[in-house]
$ cat entry.cif   # mmCIF, C-alpha atoms
data_final
#
loop_
_atom_site.label_atom_id
_atom_site.label_comp_id
_atom_site.auth_asym_id
_atom_site.auth_seq_id
_atom_site.Cartn_x
_atom_site.Cartn_y
_atom_site.Cartn_z
CA MET A 1 100.45 -59.64 26.27
CA VAL A 2 103.49 -61.71 26.97
CA ASP A 3 102.99 -64.68 29.23
CA PHE A 4 105.18 -64.30 32.31
CA GLY A 5 106.07 -67.67 33.67
CA ASP A 6 108.44 -68.42 36.51
CA SER A 7 110.97 -65.91 37.74
CA GLU A 8 113.74 -67.34 35.54
CA GLU A 9 111.69 -66.35 32.53
CA ILE A 10 111.11 -62.87 33.94
CA LYS A 11 114.82 -62.48 34.57
CA GLU A 12 115.51 -63.36 30.96
CA LEU A 13 112.83 -60.99 29.73
CA LEU A 14 114.22 -58.16 31.82
CA ALA A 15 117.76 -58.93 30.61
CA SER A 16 116.58 -58.67 27.01
CA TYR A 17 114.77 -55.46 27.94
CA VAL A 18 117.95 -53.93 29.35
CA LEU A 19 119.85 -55.05 26.25
CA GLY A 20 117.30 -53.35 24.01
CA ASP A 21 116.32 -56.63 22.35
CA LEU A 22 112.53 -56.48 22.75
CA THR A 23 109.85 -55.48 20.28
CA PRO A 24 107.83 -52.36 21.09
CA GLU A 25 104.93 -54.57 22.21
CA GLU A 26 107.16 -56.53 24.57
CA VAL A 27 108.65 -53.30 25.93
CA ALA A 28 105.17 -51.98 26.63
CA ALA A 29 104.39 -55.23 28.42
CA VAL A 30 107.55 -54.89 30.53
CA HIS A 31 106.60 -51.36 31.51
CA GLN A 32 103.18 -52.59 32.55
CA LEU A 33 104.75 -55.40 34.52
CA LEU A 34 107.11 -52.97 36.27
CA ASN A 35 104.19 -50.75 37.17
CA SER A 36 102.24 -53.62 38.67
CA HIS A 37 105.32 -55.18 40.31
CA PRO A 38 107.57 -52.28 41.38
CA GLU A 39 109.86 -54.73 43.20
CA LEU A 40 111.10 -55.84 39.77
CA LYS A 41 112.62 -52.38 39.22
CA ALA A 42 115.52 -53.40 41.45
CA GLU A 43 116.14 -56.32 39.11
CA VAL A 44 116.23 -53.98 36.09
CA SER A 45 118.46 -51.58 37.97
CA SER A 46 120.99 -54.29 38.80
CA LEU A 47 121.05 -55.47 35.18
CA GLN A 48 121.55 -51.89 33.99
CA LYS A 49 124.39 -51.51 36.47
CA THR A 50 125.96 -54.72 35.18
CA LEU A 51 125.74 -53.40 31.64
CA ALA A 52 127.29 -50.12 32.80
CA LEU A 53 130.25 -52.11 34.16
CA PHE A 54 130.65 -54.00 30.89
CA PRO A 55 133.01 -51.55 29.11
CA LEU A 56 135.40 -51.64 32.07
CA ALA A 57 136.59 -54.95 30.67
CA LEU A 58 138.33 -53.05 27.88
CA PRO A 59 142.10 -52.88 28.17
CA GLU A 60 143.30 -49.73 29.85
CA ALA A 61 144.27 -46.99 27.43
CA GLU A 62 147.07 -44.51 27.72
CA LEU A 63 145.51 -41.05 27.83
CA PRO A 64 146.95 -38.59 25.33
CA PRO A 65 149.05 -36.24 27.49
CA THR A 66 147.49 -32.98 26.36
CA LEU A 67 143.86 -34.10 26.21
CA GLY A 68 143.02 -32.94 29.73
CA SER A 69 144.38 -29.46 29.26
CA ARG A 70 142.66 -29.16 25.88
CA ILE A 71 139.32 -30.06 27.47
CA LEU A 72 139.82 -27.53 30.25
CA GLN A 73 140.86 -24.96 27.71
CA ALA A 74 137.75 -25.56 25.62
CA ALA A 75 135.58 -25.54 28.75
CA SER A 76 137.07 -22.30 30.04
CA GLY A 77 135.76 -20.64 26.89
CA THR A 78 132.25 -21.52 27.93
CA VAL A 79 130.39 -21.32 31.18
CA ALA A 80 128.76 -24.16 33.10
CA SER A 81 125.04 -24.28 32.44
CA SER A 82 123.55 -23.11 35.70
CA THR A 83 125.71 -20.01 35.90
CA ALA A 84 124.38 -18.69 32.62
CA SER A 85 122.79 -15.88 34.57
CA SER A 86 123.40 -12.18 34.88
CA SER A 87 127.16 -12.47 35.26
CA ASN A 88 127.29 -14.16 31.90
CA GLN A 89 125.24 -11.42 30.29
CA VAL A 90 127.41 -8.79 31.86
CA ARG A 91 130.47 -10.51 30.56
CA ARG A 92 129.01 -10.76 27.10
CA ARG A 93 128.12 -7.08 27.11
CA LEU A 94 131.58 -6.18 28.36
CA THR A 95 133.20 -8.28 25.68
CA ALA A 96 131.13 -6.51 23.06
CA LEU A 97 132.04 -3.14 24.50
CA LEU A 98 135.68 -3.75 24.94
CA GLY A 99 136.15 -5.72 21.77
CA ILE A 100 139.77 -6.69 21.51
CA ALA A 101 140.39 -5.92 25.18
CA GLY A 102 137.68 -8.41 25.99
CA SER A 103 139.45 -11.22 24.25
CA VAL A 104 142.65 -10.37 26.07
CA ALA A 105 140.73 -10.51 29.32
CA ALA A 106 139.27 -13.86 28.29
CA SER A 107 142.71 -15.30 27.68
CA VAL A 108 143.83 -14.01 31.07
CA VAL A 109 140.87 -15.79 32.67
CA LEU A 110 141.79 -18.90 30.75
CA GLY A 111 145.39 -18.70 31.91
CA LEU A 112 144.22 -18.29 35.47
CA GLY A 113 142.01 -21.34 35.06
CA PHE A 114 145.02 -23.47 34.24
CA TYR A 115 147.11 -21.84 36.84
CA SER A 116 144.56 -22.60 39.53
CA TYR A 117 144.17 -26.18 38.31
CA ARG A 118 147.90 -26.75 38.45
CA LEU A 119 148.13 -24.99 41.79
CA HIS A 120 145.37 -27.20 43.06
CA GLN A 121 147.31 -30.32 42.03
CA GLN A 122 150.37 -28.96 43.79
CA VAL A 123 148.41 -28.32 46.95
CA ILE A 124 147.20 -31.92 46.90
CA ALA A 125 150.76 -33.21 46.57
CA THR A 126 152.03 -30.91 49.30
CA GLN A 127 149.23 -31.89 51.61
CA ALA A 128 149.98 -35.58 51.12
CA GLU A 129 153.63 -34.91 51.94
CA LEU A 130 152.73 -32.89 54.99
CA SER A 131 150.40 -35.53 56.38
CA HIS A 132 153.18 -38.10 55.89
CA TYR A 133 155.51 -35.97 58.05
CA GLN A 134 152.79 -35.42 60.62
CA GLU A 135 152.17 -39.14 60.90
CA THR A 136 155.87 -39.78 61.28
CA ILE A 137 156.19 -37.20 64.03
CA ALA A 138 153.21 -38.73 65.80
CA LEU A 139 155.08 -42.05 65.76
CA LEU A 140 158.16 -40.45 67.24
CA ARG A 141 156.08 -39.15 70.14
CA GLN A 142 155.03 -42.65 71.20
CA PRO A 143 156.31 -44.01 74.53
CA SER A 144 159.06 -46.67 74.84
CA ASN A 145 160.65 -45.93 71.47
CA ARG A 146 164.21 -47.05 70.90
CA LEU A 147 166.75 -45.15 68.88
CA LEU A 148 169.55 -46.57 66.77
CA SER A 149 172.05 -44.24 65.19
CA ILE A 150 173.16 -45.32 61.75
CA GLN A 151 176.46 -44.54 60.07
CA GLY A 152 177.79 -45.13 56.57
CA THR A 153 180.55 -47.72 56.23
CA GLU A 154 183.81 -47.01 54.41
CA ALA A 155 181.91 -47.42 51.14
CA THR A 156 179.63 -44.44 51.95
CA PRO A 157 181.20 -42.44 54.78
CA ALA A 158 178.97 -39.38 54.28
CA ALA A 159 175.75 -41.30 54.83
CA SER A 160 174.14 -40.98 58.25
CA GLY A 161 170.80 -41.17 59.97
CA SER A 162 168.62 -42.71 62.64
CA LEU A 163 166.28 -45.58 63.09
CA VAL A 164 163.51 -45.44 65.64
CA VAL A 165 161.77 -48.61 66.76
CA VAL A 166 158.17 -47.84 67.75
CA PRO A 167 156.97 -50.99 69.55
CA LYS A 168 153.58 -49.49 70.35
CA SER A 169 152.56 -49.30 66.71
CA GLU A 170 154.92 -52.08 65.55
CA THR A 171 156.71 -49.74 63.20
CA ILE A 172 160.25 -48.74 62.36
CA VAL A 173 160.92 -45.19 61.22
CA LEU A 174 164.05 -44.84 59.17
CA ALA A 175 165.50 -41.40 58.35
CA LEU A 176 168.74 -41.20 56.37
CA GLN A 177 170.73 -38.67 54.37
CA ASN A 178 173.58 -38.59 51.84
CA LEU A 179 172.76 -41.98 50.43
CA THR A 180 173.84 -42.61 46.85
CA PRO A 181 170.93 -42.98 44.40
CA LEU A 182 170.92 -46.47 42.92
CA PRO A 183 170.77 -47.59 39.29
CA LYS A 184 167.66 -49.37 38.02
CA GLY A 185 167.31 -52.91 39.31
CA LYS A 186 169.04 -52.15 42.62
CA ILE A 187 167.50 -51.36 45.98
CA TYR A 188 168.55 -50.69 49.56
CA ARG A 189 167.47 -53.27 52.15
CA LEU A 190 167.44 -52.99 55.92
CA TRP A 191 168.30 -56.05 58.02
CA GLY A 192 168.01 -56.54 61.77
CA VAL A 193 170.80 -58.53 63.38
CA ALA A 194 169.75 -60.93 66.15
CA ASP A 195 171.73 -64.00 67.32
CA GLY A 196 174.14 -63.45 64.43
CA LYS A 197 171.29 -63.90 61.95
CA LYS A 198 170.16 -61.16 59.58
CA ILE A 199 166.41 -60.63 59.41
CA TYR A 200 164.80 -58.76 56.52
CA CYS A 201 163.05 -55.58 57.69
CA GLY A 202 162.19 -53.79 54.48
CA GLU A 203 163.50 -52.01 51.43
CA PHE A 204 163.61 -48.44 50.23
CA LYS A 205 165.08 -46.00 47.73
CA PRO A 206 166.41 -42.54 48.52
CA ASN A 207 164.95 -39.46 46.83
CA PRO A 208 167.11 -37.63 44.25
CA GLN A 209 168.68 -35.63 47.12
CA GLY A 210 169.82 -38.89 48.75
CA LYS A 211 167.32 -38.61 51.60
CA VAL A 212 165.12 -41.37 53.00
CA LEU A 213 162.13 -41.19 55.33
CA VAL A 214 160.19 -44.44 55.50
CA GLU A 215 158.07 -46.39 57.89
CA LEU A 216 158.56 -50.14 57.87
CA PRO A 217 156.65 -52.83 59.74
CA LEU A 218 158.35 -54.09 62.89
CA ASP A 219 158.84 -57.82 62.81
CA ALA A 220 158.58 -59.64 66.16
CA GLU A 221 161.96 -61.27 65.56
CA MET A 222 163.41 -57.89 64.80
CA SER A 223 162.50 -56.43 68.18
CA ASP A 224 165.39 -58.38 69.78
CA SER A 225 167.92 -56.87 67.40
CA ALA A 226 170.42 -54.52 68.92
CA SER A 227 171.96 -53.67 65.58
CA VAL A 228 171.04 -53.27 61.94
CA VAL A 229 172.79 -53.23 58.59
CA ILE A 230 171.79 -51.71 55.26
CA THR A 231 172.92 -53.38 52.06
CA VAL A 232 172.60 -52.76 48.34
CA GLU A 233 170.62 -55.59 46.74
CA PRO A 234 169.20 -56.59 43.38
CA SER A 235 165.50 -55.71 43.25
CA GLN A 236 164.31 -59.32 43.09
CA LYS A 237 163.20 -60.62 46.47
CA LEU A 238 165.82 -62.54 48.44
CA SER A 239 165.41 -63.43 52.10
CA TYR A 240 169.12 -62.95 52.85
CA PRO A 241 171.58 -60.18 52.06
CA THR A 242 173.95 -60.68 49.14
CA GLY A 243 175.27 -57.21 48.46
CA GLU A 244 177.68 -54.75 49.97
CA THR A 245 176.94 -53.35 53.44
CA VAL A 246 176.74 -49.58 53.11
CA MET A 247 175.47 -48.57 56.56
CA THR A 248 175.42 -50.06 60.04
CA GLY A 249 173.73 -49.04 63.25
CA SER A 250 173.44 -50.05 66.88
CA ILE A 251 171.52 -49.03 69.99
CA SER A 252 172.63 -45.60 71.10
CA LEU A 253 172.41 -43.89 74.52
CA MET B 1 137.90 -30.43 52.65
CA MET B 2 139.72 -30.63 49.34
CA LEU B 3 137.48 -30.89 46.32
CA SER B 4 139.57 -33.76 45.00
CA ASN B 5 138.68 -35.84 48.08
CA GLN B 6 134.97 -35.26 47.70
CA THR B 7 132.33 -37.51 46.23
CA ASP B 8 131.11 -37.15 42.67
CA THR B 9 127.89 -35.52 43.85
CA GLU B 10 129.82 -32.84 45.71
CA VAL B 11 132.26 -32.28 42.87
CA PHE B 12 129.33 -32.04 40.48
CA GLN B 13 127.80 -29.30 42.61
CA ALA B 14 131.05 -27.38 42.29
CA LEU B 15 130.99 -27.96 38.54
CA ARG B 16 127.45 -26.57 38.31
CA SER B 17 128.61 -23.42 39.99
CA GLY B 18 131.17 -22.99 37.25
CA ASN B 19 134.24 -24.36 39.00
CA LEU B 20 136.68 -25.49 36.33
CA ILE B 21 138.69 -27.49 38.86
CA ALA B 22 135.66 -29.73 39.29
CA LEU B 23 135.79 -30.59 35.60
CA GLY B 24 139.50 -31.30 35.95
CA ILE B 25 138.75 -33.68 38.81
CA PHE B 26 136.13 -35.56 36.80
CA TYR B 27 138.59 -35.83 33.94
CA ASP B 28 141.17 -37.10 36.39
CA ARG B 29 138.76 -39.75 37.68
CA TYR B 30 137.03 -40.85 34.48
CA GLY B 31 139.04 -39.48 31.53
CA GLU B 32 140.73 -42.80 31.02
CA ILE B 33 137.58 -44.93 30.98
CA VAL B 34 135.80 -42.47 28.63
CA TYR B 35 138.79 -42.52 26.30
CA ARG B 36 139.02 -46.32 26.61
CA VAL B 37 135.40 -46.76 25.43
CA ALA B 38 135.76 -44.11 22.71
CA LEU B 39 138.91 -45.73 21.38
CA ARG B 40 137.29 -49.17 21.21
CA MET B 41 134.15 -47.88 19.52
CA LEU B 42 135.70 -45.47 17.03
CA GLY B 43 138.91 -47.36 16.40
CA ASN B 44 141.27 -44.44 16.09
CA ALA B 45 143.02 -42.18 18.55
CA GLN B 46 142.14 -38.87 16.91
CA GLU B 47 138.41 -39.53 16.87
CA ALA B 48 138.55 -40.98 20.35
CA GLU B 49 140.18 -37.78 21.62
CA ASP B 50 137.52 -35.66 19.92
CA LEU B 51 134.77 -37.74 21.39
CA SER B 52 136.26 -37.67 24.90
CA GLN B 53 136.43 -33.91 24.68
CA GLU B 54 132.82 -33.79 23.48
CA VAL B 55 131.70 -35.94 26.42
CA PHE B 56 133.41 -33.79 29.07
CA LEU B 57 132.23 -30.58 27.44
CA HIS B 58 128.71 -32.00 27.42
CA LEU B 59 129.04 -32.65 31.14
CA TRP B 60 130.33 -29.12 31.66
CA ARG B 61 127.80 -27.28 29.53
CA SER B 62 124.59 -29.21 29.89
CA GLY B 63 124.89 -30.18 33.54
CA THR B 64 122.34 -32.93 33.01
CA TYR B 65 123.89 -35.49 35.33
CA ASP B 66 121.53 -36.51 38.10
CA SER B 67 122.88 -38.67 40.91
CA GLN B 68 119.32 -39.86 41.59
CA ARG B 69 119.61 -41.72 38.32
CA GLY B 70 122.86 -43.58 38.74
CA SER B 71 126.57 -43.06 39.18
CA MET B 72 128.81 -40.62 37.33
CA LEU B 73 130.71 -43.61 35.96
CA ALA B 74 127.56 -45.11 34.42
CA PHE B 75 126.48 -41.69 33.16
CA LEU B 76 129.77 -41.02 31.40
CA THR B 77 130.19 -44.47 29.85
CA THR B 78 126.60 -44.42 28.60
CA LEU B 79 127.04 -40.92 27.21
CA THR B 80 130.28 -41.93 25.48
CA ARG B 81 128.64 -44.98 24.02
CA SER B 82 125.60 -43.13 22.71
CA LYS B 83 127.73 -40.36 21.22
CA ALA B 84 130.01 -42.92 19.57
CA ILE B 85 127.02 -44.74 18.12
CA ASP B 86 125.73 -41.40 16.87
CA ARG B 87 128.91 -41.18 14.87
CA HIS B 88 128.21 -44.53 13.24
CA ARG B 89 125.50 -43.01 11.13
CA GLN B 90 124.00 -46.18 9.75
CA VAL B 91 122.81 -47.34 13.14
CA ARG B 92 121.76 -43.96 14.36
CA ALA B 93 118.04 -44.42 13.82
CA GLN B 94 118.15 -47.79 15.49
CA TRP B 95 119.94 -46.45 18.55
CA GLN B 96 117.43 -43.65 18.91
CA ARG B 97 114.69 -46.25 18.80
CA ILE B 98 116.31 -48.19 21.61
CA GLN B 99 116.79 -45.05 23.65
CA ARG B 100 113.19 -44.06 23.22
CA TRP B 101 112.11 -47.44 24.50
CA GLN B 102 114.32 -47.77 27.47
CA ARG B 103 113.74 -46.19 30.79
CA ASN B 104 116.46 -45.73 33.29
CA PHE B 105 115.91 -47.67 36.50
CA LEU B 106 119.33 -47.05 37.94
CA THR B 107 118.93 -46.14 41.57
CA GLU B 108 120.37 -43.20 43.38
CA SER B 109 124.13 -43.26 43.47
CA GLU B 110 125.54 -43.11 46.97
CA SER B 111 128.45 -41.53 45.26
CA THR B 112 131.23 -43.52 46.79
CA LEU B 113 134.53 -42.04 45.73
CA ILE B 114 135.78 -44.09 42.81
CA ASP B 115 139.37 -43.05 42.36
CA LYS B 116 141.77 -44.28 39.72
CA VAL B 117 142.96 -47.18 41.88
CA ALA B 118 139.40 -48.36 42.49
CA LEU B 119 138.63 -48.06 38.81
CA LYS B 120 141.66 -50.20 38.00
CA GLU B 121 140.53 -52.87 40.46
CA ILE B 122 136.96 -52.86 39.19
CA SER B 123 138.27 -53.12 35.64
CA CYS B 124 140.31 -56.20 36.57
CA ARG B 125 137.25 -57.80 38.14
CA VAL B 126 135.05 -57.10 35.11
CA ARG B 127 137.74 -58.36 32.74
CA ALA B 128 138.05 -61.61 34.67
CA ALA B 129 134.26 -61.99 34.81
CA LEU B 130 133.89 -61.49 31.09
CA ALA B 131 136.60 -64.06 30.47
CA GLU B 132 134.46 -66.62 32.32
CA LEU B 133 131.68 -66.29 29.75
CA PRO B 134 131.57 -68.68 26.79
CA ALA B 135 133.24 -67.11 23.76
CA ASN B 136 130.01 -66.78 21.78
CA GLN B 137 128.29 -64.86 24.61
CA GLN B 138 131.27 -62.51 24.86
CA GLN B 139 131.25 -61.99 21.14
CA VAL B 140 127.58 -61.05 20.76
CA LEU B 141 127.69 -58.74 23.78
CA GLU B 142 130.74 -56.96 22.39
CA MET B 143 129.21 -56.61 18.93
CA ALA B 144 126.03 -55.19 20.43
CA TYR B 145 127.74 -52.89 22.90
CA TYR B 146 130.67 -51.52 20.95
CA ASN B 147 129.39 -51.74 17.39
CA GLY B 148 125.80 -50.89 18.24
CA LEU B 149 124.59 -53.78 16.10
CA SER B 150 121.03 -55.09 16.42
CA GLN B 151 120.30 -58.75 17.07
CA SER B 152 119.44 -59.33 13.43
CA GLU B 153 122.63 -57.64 12.23
CA ILE B 154 124.66 -59.80 14.60
CA ALA B 155 122.74 -62.89 13.48
CA GLU B 156 123.54 -62.08 9.88
CA ALA B 157 127.20 -61.36 10.58
CA LEU B 158 127.67 -64.57 12.52
CA ASN B 159 125.33 -66.65 10.41
CA MET B 160 123.17 -67.83 13.30
CA PRO B 161 119.45 -67.55 14.13
CA VAL B 162 118.28 -64.29 15.73
CA GLY B 163 116.83 -66.28 18.63
CA THR B 164 120.28 -67.69 19.39
CA VAL B 165 121.84 -64.22 19.42
CA LYS B 166 119.16 -63.01 21.80
CA THR B 167 119.71 -65.99 24.09
CA TYR B 168 123.51 -65.57 24.11
CA LYS B 169 123.17 -61.89 24.93
CA ARG B 170 120.81 -62.27 27.87
CA LYS B 171 122.57 -65.35 29.25
CA GLY B 172 125.83 -63.41 29.05
CA LEU B 173 124.42 -60.42 30.88
CA LEU B 174 122.77 -62.56 33.59
CA LYS B 175 125.97 -64.51 34.09
CA LEU B 176 128.01 -61.31 34.38
CA ARG B 177 125.64 -60.03 37.01
CA GLU B 178 125.95 -63.27 38.93
CA ILE B 179 129.76 -63.12 38.94
CA LEU B 180 129.90 -59.40 39.71
CA GLN B 181 127.03 -59.41 42.20
CA ASP B 182 128.96 -57.71 45.01
CA LEU B 183 130.12 -54.93 42.67
CA VAL B 184 126.62 -54.45 41.32
CA GLU B 185 125.10 -54.31 44.79
CA TRP B 186 127.79 -52.00 46.05
CA GLN B 187 126.58 -48.44 45.83
CA TRP B 188 128.39 -46.54 43.13
#

$ encode --input "entry.cif" --output "structure tokens"
Amino acid sequence: MVDFGDSEEIKELLASYVLGDLTPEEVAAVHQLLNSHPELKAEVSSLQKTLALFPLALPEAELPPTLGSRILQAASGTVASSTASSSNQVRRRLTALLGIAGSVAASVVLGLGFYSYRLHQQVIATQAELSHYQETIALLRQPSNRLLSIQGTEATPAASGSLVVVPKSETIVLALQNLTPLPKGKIYRLWGVADGKKIYCGEFKPNPQGKVLVELPLDAEMSDSASVVITVEPSQKLSYPTGETVMTGSISL
Amino acid sequence: MMLSNQTDTEVFQALRSGNLIALGIFYDRYGEIVYRVALRMLGNAQEAEDLSQEVFLHLWRSGTYDSQRGSMLAFLTTLTRSKAIDRHRQVRAQWQRIQRWQRNFLTESESTLIDKVALKEISCRVRAALAELPANQQQVLEMAYYNGLSQSEIAEALNMPVGTVKTYKRKGLLKLREILQDLVEWQW
């Protein structure tokens, strides 16, 4: 029997236990100890959890692009354990009966499996997009909003849009169209103009169709602005505009 | 509610009823960490891919995961590790001995949703914690975990007494737990 001294010693013993470093006799002693002192099981559990976290220290790996679909493909050829019931037997019998037709059917099922997986991913993406629009519309319904209409300058005459200041949720909603997509390393920035000073309000990129719909935080200083400008800037952070002004806007109505 | 927003326990129920999407979701959540461990332990991409596939097919076919006995993350990393060690034949017998000895005391997983972002953050924390350990503690833990080496094999490889290896290992583990206490206590 191992002599269990103070708790530090027990901690060390349990750590060696979790690491698999004890002799069979010591392991038996630990099991006895855990039976007589069930409160020590929490200690073992937390050490096992720590060990389970250990491999997360490994550098992240790039997943091979086709691995996921290969796994699903392999899995679709077999059935999850608990469904190995009558339906499985029926299918097996059918496959035997239909022979070649059965394997065609199987590949159809497989194709459908992928299709539904991909469809599922699409639904997720669509739902995220939809909830973004819903949130934006909810913002537009808030009381005491202010609207600024925004127009492209001579550099981008086709660009247009609106900016809504939502004081209640301290947000700006910016919706633009016909903005030119920018090369890498460039970004659009929105600036509020108050007392002749330009205050940074946020940055954004248009989608490939040149459209923008973003929510930006409303700065307290910004709430006095009666006009805004949008400039093209290098992507590194600068607290003042350096690039060309492509759009301007002021309080409408 | 979308399956992809559900906890591991719920997704696992869907998997048990034969829902292939559930397997896709688990791959989405944990494919990278399984592959990460496989790659480190087997040392080449082809074998790591094979092993990752084996692990997810095991999950799919055997359905042995039990949330009463720990999180899906712990289940999958442990499974990957034991299957990788199985492939190192020379230590196979030894690993089986360890497995026979050990009992699992992991407590019921509350099944918090660990998505890819959370996994990234946890990984950063664990990486930083490991970096705080003295180099020799890191080294023996890595040799034991990833190479499946016994204390005496590590002692021989590093030319140090077995007792020292044992001490480094347990000190390392206890220190990691101390640094990562909030993560360990957090239900996952």

$ resolve_selection --input "entry.cif" --expression "the PyMOL selection byres ((chain A) within 9 of (chain B))" --output "VMD selection string"
chain A and resid 11 to 21 24 27 to 28 31 41 to 42 44 to 64 67 to 72 74 to 76 78 to 83 113 to 114 116 to 117 120 to 121 124

$ atom_distance --input "entry.cif" --atom1 "CA of Gln134 (chain A)" --atom2 "CA of Val214 (chain A)"
12.7 Å

$ atom_distance --input "entry.cif" --atom1 "CA of Pro65 (chain A)" --atom2 "CA of Gly148 (chain B)"
29.0 Å

$ resolve_selection --input "entry.cif" --expression "the PyMOL selection byres ((chain A and resi 171-179) around 8)" --output "PyMOL selection string"
chain A and resi 136+156+158-170+180-181+206+209-218

$ resolve_selection --input "entry.cif" --expression "the PyMOL selection byres ((chain A and resi 190) around 9)" --output "PyMOL selection string"
chain A and resi 188-189+191-192+199-204+228-231

$ write_last_selection --input "entry.cif" --atoms "C-alpha atoms" --output "mmCIF file, in the frame of the given file"
data_model
loop_
_atom_site.group_PDB
_atom_site.id
_atom_site.type_symbol
_atom_site.label_atom_id
_atom_site.label_comp_id
_atom_site.auth_asym_id
_atom_site.auth_seq_id
_atom_site.Cartn_x
_atom_site.Cartn_y
_atom_site.Cartn_z
ATOM 1 C CA TYR A 188 168.550 -50.690 49.560
ATOM 2 C CA ARG A 189 167.470 -53.270 52.150
ATOM 3 C CA TRP A 191 168.300 -56.050 58.020
ATOM 4 C CA GLY A 192 168.010 -56.540 61.770
ATOM 5 C CA ILE A 199 166.410 -60.630 59.410
ATOM 6 C CA TYR A 200 164.800 -58.760 56.520
ATOM 7 C CA CYS A 201 163.050 -55.580 57.690
ATOM 8 C CA GLY A 202 162.190 -53.790 54.480
ATOM 9 C CA GLU A 203 163.500 -52.010 51.430
ATOM 10 C CA PHE A 204 163.610 -48.440 50.230
ATOM 11 C CA VAL A 228 171.040 -53.270 61.940
ATOM 12 C CA VAL A 229 172.790 -53.230 58.590
ATOM 13 C CA ILE A 230 171.790 -51.710 55.260
ATOM 14 C CA THR A 231 172.920 -53.380 52.060
#

$ residues_around --input "entry.cif" --residues "Pro183 (chain A)" --least-positions-apart "5" --cutoff "12 Å" --atoms "all atoms listed in the file" --output "mmCIF file with C-alpha atoms, keeping the file's coordinate frame"
data_model
loop_
_atom_site.group_PDB
_atom_site.id
_atom_site.type_symbol
_atom_site.label_atom_id
_atom_site.label_comp_id
_atom_site.auth_asym_id
_atom_site.auth_seq_id
_atom_site.Cartn_x
_atom_site.Cartn_y
_atom_site.Cartn_z
ATOM 1 C CA TYR A 188 168.550 -50.690 49.560
ATOM 2 C CA LYS A 205 165.080 -46.000 47.730
ATOM 3 C CA PRO A 206 166.410 -42.540 48.520
ATOM 4 C CA PRO A 208 167.110 -37.630 44.250
ATOM 5 C CA VAL A 232 172.600 -52.760 48.340
ATOM 6 C CA GLU A 233 170.620 -55.590 46.740
ATOM 7 C CA PRO A 234 169.200 -56.590 43.380
ATOM 8 C CA SER A 235 165.500 -55.710 43.250
#

$ atom_distance --input "entry.cif" --atom1 "CA of Lys197 (chain A)" --atom2 "CA of Lys184 (chain A)"
28.2 Å

$ closest_residue --input "entry.cif" --among "B:Tyr65, B:Tyr168, B:Gln139, B:Asn147" --to "Val11 (chain B)" --atoms "only C-alpha atoms"
B:Tyr65

$ residues_around --input "entry.cif" --residues "Glu154 (chain A)" --least-positions-apart "2" --cutoff "12 Å" --atoms "only C-alpha atoms" --output "ChimeraX atom specification"
/A:151-152,156-159,244-248

$ closest_residue --input "entry.cif" --among "A:Leu22, A:Val123, A:Val193, A:Ile10" --to "His37 (chain A)" --atoms "all atoms listed in the file"
A:Ile10
